[in-house]
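Below you'll find the structure, written out as structure tokens, and then a few comments.
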Amino acid sequence: MYVELPFDEFKVLPAKQRVAYFYDQDVGNYFYGTGHCMKPHRIRMTHSLIMNYELYKKMEIYRAQPAAKDELTQFHTDEYVDFISRVTPDNLALFEREQTVFNVGDDCPVFDGLYEFCQISCGGSMEGAARLNRGVCDIAINYAGGLHHAKKLEALGFCYMNDIVLGIIELLRVHPRVLYIDTDVHHGDGVEEAFYTNDRVMTASFHKFGEFFPGTGNLNDIGLGKGKYHSVNVPLRDGIDDVLYKSIFEPIIRAIVEWYQPSAIVLQCGGDSLSGDRLGPFNLSMRGHANCVQFVKSFGLPMMVLGGGGYTIRNVARTWAYETGLLNNVVLESEIPYNSYYEYYAPTYELDVRASNMTNANSREYLDKVLLAVLTNLDHTKHAPSVQMNEVPADAEDMFYDRDEDTAEAMDTQGGSQYAKDKLVEPENEFYDGEKDRGERNIHTVDLTAQEMEEIDELNKN
Ligand SMILES: [Zn+2]
């Protein structure tokens with residue numbers, strides 16, 4: 001079953017897809033605390049590379065409206081959102097009980113501006129989804145998003161609010177089926193859990209499994225009820241390299257796209273699956289990581305590209321910049337242009353992350369077994385789509401939702417169906433009112449900072 005695929009140089013794909021890139025210049029200022037691995041600064045570093053490689057000429061750059069409370073509660077509970085919006089390092093003592101209940105503390109510290117940080121992360125993914133829904137872009141990018149561990153009422157693994165789930169909920173307004181792909185070294189547990197009993201979202205996570213955070217994502221975890229066979233877990237061992245990763249990633253994703261026929265894809269590009277990551281034990285080079293982006297793009301479906309983990313930040317910035325190039329049909333040159341964080345790329349100043357000589361613990365026999373199990377499960381999704389293929393009717397909710405699903409249990413465990421959620425939010429806000437459509441109302445082009453303008457001017461002179 002498992003066949004090793006050749007790993008060729010990237011070729012620029014012919015079809016031009018319209019790319020919308022979301023960036024908020026405040027995002028790099030948030031700080032989890034001294035010694036904490038998660039550094040939002042890497043998003044600013046990525047942005048600086050993207051600007052100095054002149055990718056702003058290829059794509060539209062937007063600053064999203066930060067997500068509002070009534071948007072965050074489309075997935076998270078009111079109490080949890082309320083807590084995150086109110087807690088600060090100064091008033092922490094007032095929230096002793098909540099800290100325990102909502103799992104805020106060591107891994108997920110309360111830092112200055114925590115709530116705004118969440119609003120930025122979620123706002124980008126929600127507006128990216130809204131623009132895809134409206135057909136005004138083909139690819140939406142939000143590197144401040146991809147925070148896949150956040151649960152409905154719990155912070156986990158450096159994640160507080162799940163921008164991915166919120167983005168997918170937005171996509172489900174228009175798209176009958178959404179595929180979520182997670183290439184972070186950690187299992188995409190928060191997203192999987194949110195849609196575990198749902199057949200309108202298929203989640204596929206490729207991750208290190210075995211004595212590794214968060215501990216979930218076993219091969220046998222395939223979904224429940226209507227969602228059975230709609231959660232795909234690919235547990236991997238230490239040291240997986242470009243060729244092996246590609247050889248397991250591509251046949252699985254191809255099978256899902258062909259059999260499940262998603263009409264939109266969300267790709268989480270966690271950079272902790274790169275070789276040399278501070279937390280991740282995989283051995284992917286920049287090109288091995290980027291191959292996932294290039295492969296998913298090749299299907300030509302509406303696509304949302306998100307960030308995620310990534311703790312050797314110079315390599316995360318390199319890889320996300322390189323991937324942004326590919327999404328714009330450009331293979332970026334290896335010489336890193338001068339930029340605000342140039343010294344981070346010493347001593348090579350090259351746009352490259354190389355694999356190391358670490359041992360690969362994934363045998364061909366093991367990958368063969370995994371591939372066979374995954375494809376056998378996926379076979380069940382082949383002939384019985386719950387939703388009509390090929391057409392998206394005008395009123396998706398009426399067509400696609402089995403309203404009997406909204407049992408008390410469904411409401412309790414996953415917020416119930418989209419229809420139920422819509423019912424809940426409609427009275428308070430006019431989200432569906434044409435004028436207040438997220439994609440229309442809240443978007444404006446981002447203003448470059450004076451420093452960025454200067455850098456660009458400098459580049460254009462040379
Ligand atoms: Zn991770």
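Chain lettering (A, B, ...) mirrors the order of the structure tokens, residue numbering begins at 1 for each chain separately, and ligand numbering begins at 1 in order of display.
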
Please identify every polymer residue within 8 Å of ligand 1, using only C-alpha atoms and all ligand atoms, and present the set as a list of chain:residue names.
A:Gly157, A:Asp184, A:Val185, A:His186, A:His187, A:Gly270, A:Gly271, A:Asp272, A:Ser273, A:Leu279, A:Gly280, A:Gly308, A:Gly309, A:Gly310

Same residues, C-alpha atoms, output as a compact mmCIF listing (two decimals), in the first residue's frame:
```
# COMPACT_ATOMS: atom_id res chain seq x y z
CA GLY A 157 -1.44 23.98 24.88
CA ASP A 184 1.33 20.67 13.35
CA VAL A 185 3.51 18.15 15.22
CA HIS A 186 0.78 18.01 17.90
CA HIS A 187 -2.63 16.41 17.47
CA GLY A 270 2.03 24.43 12.49
CA GLY A 271 5.77 25.03 12.19
CA ASP A 272 6.73 22.71 15.03
CA SER A 273 6.84 19.77 12.61
CA LEU A 279 9.39 21.10 21.04
CA GLY A 280 8.76 18.90 18.01
CA GLY A 308 -0.16 27.09 14.58
CA GLY A 309 2.73 25.89 16.70
CA GLY A 310 6.38 26.49 15.89
```

For region 94-102 of chain A, find every residue with an atom within 8 Å (counting only C-alpha atoms), except residues of its own chain fewer than 3 positions away, and show them as number ranges by chain.
A: 80, 83, 87, 91, 105, 153-155

Selected residues written out, N, CA and C atoms, as a tab-separated table (two decimals), in the first residue's frame:
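out-v5.tsv, written as the output of this step:
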```
chain	number	residue	atom	x	y	z
A	80	TYR	N	-16.72	31.25	29.71
A	80	TYR	CA	-15.30	31.17	29.39
A	80	TYR	C	-14.82	32.45	28.67
A	83	PHE	N	-14.64	35.26	31.09
A	83	PHE	CA	-13.45	35.16	31.94
A	83	PHE	C	-12.21	35.65	31.20
A	87	VAL	N	-9.97	38.75	32.74
A	87	VAL	CA	-8.81	38.44	33.57
A	87	VAL	C	-7.56	39.17	33.06
A	91	ASN	N	-5.44	41.32	38.13
A	91	ASN	CA	-6.62	40.91	38.91
A	91	ASN	C	-6.75	39.38	39.03
A	105	GLY	N	-3.02	29.00	33.47
A	105	GLY	CA	-1.90	28.97	34.42
A	105	GLY	C	-0.58	28.79	33.71
A	153	LEU	N	-14.58	25.24	26.44
A	153	LEU	CA	-14.54	25.98	27.71
A	153	LEU	C	-13.23	25.73	28.46
A	154	GLU	N	-12.15	25.67	27.70
A	154	GLU	CA	-10.88	25.39	28.35
A	154	GLU	C	-9.71	25.83	27.47
A	155	ALA	N	-8.72	26.45	28.12
A	155	ALA	CA	-7.47	26.77	27.42
A	155	ALA	C	-6.59	25.52	27.46
```

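Considering only C-alpha atoms, the residue among A:Asn329, A:Asn29, A:Asn218, A:Thr77 positioned nearest to Ser298 (chain A) is A:Asn329.
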
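The nearest approach to Phe209 (chain A) among the residues A:Lys369, A:Arg237, A:Arg287, A:Lys228, with only C-alpha atoms taken into account, belongs to A:Arg237.
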
For Pro6 (chain A), the nearest of the candidates A:Thr34, A:Thr203, A:Thr216, A:Ser247, counting only C-alpha atoms
A:Ser247

Region 111-128 of chain A: which residues within 6 Å, counting only C-alpha atoms, same-chain residues fewer than 3 positions away excluded, as a count of residues only?
18

Would you please extract all strand (DSSP E) residues from region 121-261 of chain A, as assigned by DSSP on the backbone, and give them as JSON, numbers by chain?
{"A": [139, 140, 141, 142, 178, 179, 180, 181, 182, 201, 202, 203, 204, 205, 206, 207, 208, 231, 232, 233, 234, 235, 236]}

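CA of Met45 (chain A) to CA of Thr319 (chain A) spans 11.2 Å [interatomic distance, one decimal].
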
Which of these, A:Asp24, A:Cys159, A:Ile43, A:Asp82, has the shortest distance to Tyr62 (chain A) once you count only C-alpha atoms?
A:Asp24

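Separating CA of Gly276 (chain A) from CA of Ile313 (chain A) is a distance of 10.5 Å.
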
Atom pair CA of Gly288 (chain A) + CA of Val234 (chain A), distance 16.8 Å

Taking only C-alpha atoms into account, name the residue in A:Asp138, A:Gln17, A:Leu332, A:Cys292 that is nearest to Glu250 (chain A).
A:Cys292

Among region 128-353 of chain A, which ones does DSSP place in helix (DSSP H, G or I), written as an NGL selection string?
:A and (128-133 or 163-171 or 189-194 or 225-227 or 242-260 or 271-273 or 286-297 or 313-327 or 342-345)

Write a file of the just-selected residues containing C-alpha atoms, as an mmCIF file, in the first residue's frame.
```cif
data_model
loop_
_atom_site.group_PDB
_atom_site.id
_atom_site.type_symbol
_atom_site.label_atom_id
_atom_site.label_comp_id
_atom_site.auth_asym_id
_atom_site.auth_seq_id
_atom_site.Cartn_x
_atom_site.Cartn_y
_atom_site.Cartn_z
ATOM 1 C CA GLY A 128 -10.726 34.870 5.892
ATOM 2 C CA ALA A 129 -13.604 32.389 5.868
ATOM 3 C CA ALA A 130 -16.114 35.148 5.113
ATOM 4 C CA ARG A 131 -14.092 36.297 2.113
ATOM 5 C CA LEU A 132 -13.821 32.739 0.821
ATOM 6 C CA ASN A 133 -17.579 32.370 1.272
ATOM 7 C CA ASP A 163 -10.010 30.450 15.623
ATOM 8 C CA ILE A 164 -10.064 27.317 13.437
ATOM 9 C CA VAL A 165 -13.405 26.056 14.731
ATOM 10 C CA LEU A 166 -14.844 29.567 14.376
ATOM 11 C CA GLY A 167 -13.506 29.831 10.823
ATOM 12 C CA ILE A 168 -14.949 26.448 9.889
ATOM 13 C CA ILE A 169 -18.343 27.376 11.385
ATOM 14 C CA GLU A 170 -18.258 30.426 9.105
ATOM 15 C CA LEU A 171 -17.371 28.270 6.075
ATOM 16 C CA ASP A 189 -7.509 17.861 19.335
ATOM 17 C CA GLY A 190 -9.632 20.987 19.786
ATOM 18 C CA VAL A 191 -10.838 20.999 16.188
ATOM 19 C CA GLU A 192 -11.362 17.241 16.093
ATOM 20 C CA GLU A 193 -13.406 17.330 19.291
ATOM 21 C CA ALA A 194 -15.603 20.184 18.051
ATOM 22 C CA GLY A 225 -22.292 8.800 15.352
ATOM 23 C CA LYS A 226 -22.826 10.716 12.121
ATOM 24 C CA GLY A 227 -19.204 11.740 12.319
ATOM 25 C CA ASP A 242 10.342 14.781 3.779
ATOM 26 C CA VAL A 243 9.992 11.695 1.616
ATOM 27 C CA LEU A 244 8.133 9.580 4.165
ATOM 28 C CA TYR A 245 5.838 12.433 5.176
ATOM 29 C CA LYS A 246 4.947 13.191 1.569
ATOM 30 C CA SER A 247 4.381 9.505 0.876
ATOM 31 C CA ILE A 248 1.787 9.224 3.607
ATOM 32 C CA PHE A 249 0.303 12.742 3.405
ATOM 33 C CA GLU A 250 -0.450 12.811 -0.310
ATOM 34 C CA PRO A 251 -2.323 9.503 -0.743
ATOM 35 C CA ILE A 252 -4.476 10.209 2.338
ATOM 36 C CA ILE A 253 -5.360 13.747 1.330
ATOM 37 C CA ARG A 254 -5.987 12.693 -2.268
ATOM 38 C CA ALA A 255 -8.344 9.930 -1.103
ATOM 39 C CA ILE A 256 -10.250 12.350 1.126
ATOM 40 C CA VAL A 257 -10.605 14.964 -1.593
ATOM 41 C CA GLU A 258 -11.752 12.403 -4.153
ATOM 42 C CA TRP A 259 -14.118 10.466 -1.913
ATOM 43 C CA TYR A 260 -15.437 13.021 0.520
ATOM 44 C CA GLY A 271 5.767 25.034 12.191
ATOM 45 C CA ASP A 272 6.728 22.706 15.031
ATOM 46 C CA SER A 273 6.838 19.773 12.607
ATOM 47 C CA MET A 286 11.284 23.720 4.842
ATOM 48 C CA ARG A 287 10.482 22.124 1.478
ATOM 49 C CA GLY A 288 9.055 18.994 3.057
ATOM 50 C CA HIS A 289 6.725 21.167 5.138
ATOM 51 C CA ALA A 290 5.857 23.397 2.199
ATOM 52 C CA ASN A 291 5.035 20.391 0.057
ATOM 53 C CA CYS A 292 1.846 19.982 2.101
ATOM 54 C CA VAL A 293 0.816 23.538 1.222
ATOM 55 C CA GLN A 294 1.669 23.084 -2.446
ATOM 56 C CA PHE A 295 -0.136 19.748 -2.637
ATOM 57 C CA VAL A 296 -3.322 21.038 -0.987
ATOM 58 C CA LYS A 297 -3.264 24.126 -3.198
ATOM 59 C CA ILE A 313 10.976 31.007 15.472
ATOM 60 C CA ARG A 314 13.572 31.862 12.789
ATOM 61 C CA ASN A 315 12.626 28.622 11.014
ATOM 62 C CA VAL A 316 8.897 29.203 11.412
ATOM 63 C CA ALA A 317 9.240 32.641 9.813
ATOM 64 C CA ARG A 318 11.343 31.224 6.968
ATOM 65 C CA THR A 319 8.882 28.445 6.248
ATOM 66 C CA TRP A 320 5.695 30.512 6.423
ATOM 67 C CA ALA A 321 7.255 33.146 4.148
ATOM 68 C CA TYR A 322 8.308 30.453 1.680
ATOM 69 C CA GLU A 323 4.830 28.930 1.785
ATOM 70 C CA THR A 324 3.245 32.334 1.237
ATOM 71 C CA GLY A 325 5.428 32.567 -1.865
ATOM 72 C CA LEU A 326 4.155 29.232 -3.168
ATOM 73 C CA LEU A 327 0.560 30.253 -2.476
ATOM 74 C CA TYR A 342 17.746 40.174 9.591
ATOM 75 C CA GLU A 343 20.086 39.154 12.435
ATOM 76 C CA TYR A 344 17.797 36.235 13.349
ATOM 77 C CA TYR A 345 18.816 34.503 10.149
#
```

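In this comparison, which uses only C-alpha atoms, the residue of A:His76, A:Phe195, A:Ile222, A:Pro302 approaching Val19 (chain A) most closely is A:Pro302.
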
Shell of 7 Å around Arg200 (chain A), only C-alpha atoms, local chain residues under 6 positions omitted, as a PDB file with N, CA and C atoms, in the first residue's frame:
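Now in out.pdb:
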```pdb
ATOM      1  N   PRO A 176     -21.036  22.850   1.908  1.00  0.00           N
ATOM      2  CA  PRO A 176     -21.648  21.631   2.450  1.00  0.00           C
ATOM      3  C   PRO A 176     -20.654  20.765   3.220  1.00  0.00           C
ATOM      4  N   ARG A 177     -19.423  20.703   2.745  1.00  0.00           N
ATOM      5  CA  ARG A 177     -18.414  19.875   3.415  1.00  0.00           C
ATOM      6  C   ARG A 177     -17.078  20.589   3.454  1.00  0.00           C
ATOM      7  N   VAL A 178     -16.459  20.593   4.620  1.00  0.00           N
ATOM      8  CA  VAL A 178     -15.168  21.258   4.801  1.00  0.00           C
ATOM      9  C   VAL A 178     -14.150  20.226   5.275  1.00  0.00           C
TER      10      VAL A 178
END
```
